[in-house]
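Here the structure comes first, spelled out in structure tokens, and everything after it is commentary.
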Amino acid sequence: IIVVDDGSTDGTAEAAKREFSVFREQFSAKSNIQHPTLKILRQANAGPGAARNRGLAEATGEFIHFFDSDDIAAPNKHEVQLRALLETGADIAYGPWVKGRFAPEEGRSVARPLAHGVARGSLPLAAQTARVAGATEATELRVASFNSGNTRYQLPATLYSGFTPEGPVLQARGLPKGNLVQALLTNWSVVPHACLFRKSIVEKAGAFPEELFGTEDQLMFLRCLLAGARVVHTPETFELYRVGVVGKITATGHAQQRHAKEWARFLLKA
């Protein structure tokens with residue numbers, strides 16, 4: 001686990017160390033496999049592209065998950081997407097995601113329950129519940145449900161209690177038909193936290209452009225497609241994107257005007 005502290009002023013590094021210590025104790029007590037390690041990188045504020053590139057350069061794994069502080073993954077995220085990449089030979093696995101809010105008293109502590117275990121099975125989002133590693137086979141978690149079209153998404157209530165979606169589940173129907181490059185430049189967008197990448201395709205694409213702010217992920221994904229990336233859809237898992245989080249870089253002043261300007265810069269570069 002690589003944490004890049006991009007010149008923050010809110011105690012990010014200390015919080016990461018504290019939470020990782022709790023996670024490591026829980027992990028060691030429930031598993032006989034080697035627990036992950038934590039590396040914290042500090043740098044002067046340079047923006048999202050530079051921060052992700054710093055983490056990418058330090059990473060030694062074959063697969064990369066870019067993950068921001070406002071993202072929360074379903075417990076089976078890596079299991080499902082890694083399996084999809086290995087079975088299909090694709091370069092990028094991409095799954096559904098949904099924007100929403102947690103109740104204030106629960107949003108502050110939601111990360112700790114997530115560290116308790118990894119979902120068993122594929123959590124197929126319909127008529128099933130997830131079992132958490134360490135629980136008995138007979139123990140099933142209650143689920144909180146919300147609908148998107150004809151699909152009912154079920155979330156383990158102990159992990160996602162207090163979550164209220166804002167709008168539909170995005171990217172639940174699969175990849176756009178036809179040319180993905182054309183789709184990306186017209187009516188489709190990609191969020192890297194919903195993906196699992198082969199490190200090799202991101203490096204081949206030249207990683208993230210550091211001169212863009214907020215659209216650097218779109219240009220990186222476009223470069224991956226132009227480099228020949230194959231993309232596979234993974235509807236068996238999903239991610240939550242928290243809105244209304246204090247301190248988000250996308251929630252700073254004049255956000256709409258800045259986003260419009262950055263999107264124009266992205267299109268010109270594209």
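Starting from 1 in every chain, residues are counted up; chains themselves are A, B, ... following the order of the structure tokens, and ligands are numbered from 1 as listed.
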Per DSSP on the backbone, filter region 153-206 of chain A down to the residues in strand (DSSP E or B) and report them as a list in words.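 In region 153-206 of chain A, DSSP puts these residues in strand (DSSP E or B): Tyr153, Gln154, Leu155, Pro156, Phe163, Thr164, Pro165, Leu170, Cys195, Leu196, Phe197 and Arg198 of chain A.
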How would the residues just picked look written out with N, CA, C and O atoms as a tab-separated table (two decimals), in the first residue's frame?
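The file below, again-v3.tsv, is the result:
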```
chain	number	residue	atom	x	y	z
A	153	TYR	N	-28.68	-3.34	-6.20
A	153	TYR	CA	-27.34	-3.44	-5.63
A	153	TYR	C	-27.47	-3.63	-4.13
A	153	TYR	O	-28.18	-2.89	-3.46
A	154	GLN	N	-26.77	-4.64	-3.62
A	154	GLN	CA	-26.86	-4.96	-2.21
A	154	GLN	C	-25.50	-4.72	-1.56
A	154	GLN	O	-24.49	-5.25	-2.00
A	155	LEU	N	-25.50	-3.92	-0.52
A	155	LEU	CA	-24.28	-3.57	0.19
A	155	LEU	C	-24.33	-4.15	1.59
A	155	LEU	O	-25.36	-4.03	2.26
A	156	PRO	N	-23.26	-4.77	2.07
A	156	PRO	CA	-23.25	-5.23	3.46
A	156	PRO	C	-23.51	-4.06	4.41
A	156	PRO	O	-22.77	-3.08	4.42
A	163	PHE	N	-25.15	5.01	3.98
A	163	PHE	CA	-24.83	5.48	2.63
A	163	PHE	C	-26.11	5.73	1.84
A	163	PHE	O	-26.98	4.88	1.77
A	164	THR	N	-26.21	6.92	1.26
A	164	THR	CA	-27.35	7.28	0.43
A	164	THR	C	-26.85	7.65	-0.96
A	164	THR	O	-26.10	8.63	-1.11
A	165	PRO	N	-27.21	6.88	-1.99
A	165	PRO	CA	-26.72	7.20	-3.34
A	165	PRO	C	-27.35	8.48	-3.86
A	165	PRO	O	-28.49	8.81	-3.54
A	170	LEU	N	-23.39	4.21	-12.07
A	170	LEU	CA	-22.77	4.51	-13.35
A	170	LEU	C	-21.96	3.32	-13.86
A	170	LEU	O	-21.42	2.55	-13.07
A	195	CYS	N	-11.23	1.19	-11.64
A	195	CYS	CA	-10.46	0.31	-12.52
A	195	CYS	C	-9.37	-0.43	-11.75
A	195	CYS	O	-8.97	-0.03	-10.65
A	196	LEU	N	-8.89	-1.49	-12.36
A	196	LEU	CA	-7.64	-2.12	-11.97
A	196	LEU	C	-6.81	-2.20	-13.24
A	196	LEU	O	-7.27	-2.70	-14.26
A	197	PHE	N	-5.57	-1.66	-13.19
A	197	PHE	CA	-4.72	-1.55	-14.37
A	197	PHE	C	-3.55	-2.52	-14.29
A	197	PHE	O	-3.02	-2.78	-13.22
A	198	ARG	N	-3.15	-3.02	-15.44
A	198	ARG	CA	-1.82	-3.60	-15.53
A	198	ARG	C	-0.83	-2.43	-15.53
A	198	ARG	O	-1.00	-1.46	-16.28
```
Using DSSP assignments from the backbone, pull out every residue in region 60-94 of chain A that falls under helix (DSSP H, G or I) and give it to me as a count of residues only. 12
At a cut-off of 12 Å, using only C-alpha atoms, what residues contact Glu210 (chain A)? Leave out same-chain residues fewer than 6 positions from it and give the result as a PyMOL selection string. chain A and resi 45-54+216-217+219-220+266
Expressed in Å, the length from CA of Ser8 (chain A) to CA of His35 (chain A) is 27.1 Å
Write out, as CSV, each residue of region 2-73 of chain A that has an atom at most 12 Å from region 82-97 of chain A, together with the closest pair of atoms and their distance in Å to one decimal, counting only C-alpha atoms, rows going by chain and rising number.
```
residue,atom,partner,partner_atom,distance
A:Glu62,CA,A:Leu82,CA,10.5
A:Phe63,CA,A:Leu82,CA,8.0
A:Ile64,CA,A:Ile92,CA,9.7
A:His65,CA,A:Ala93,CA,10.2
A:Asp71,CA,A:Trp97,CA,9.7
A:Ile72,CA,A:Trp97,CA,9.7
A:Ala73,CA,A:Trp97,CA,9.1
```
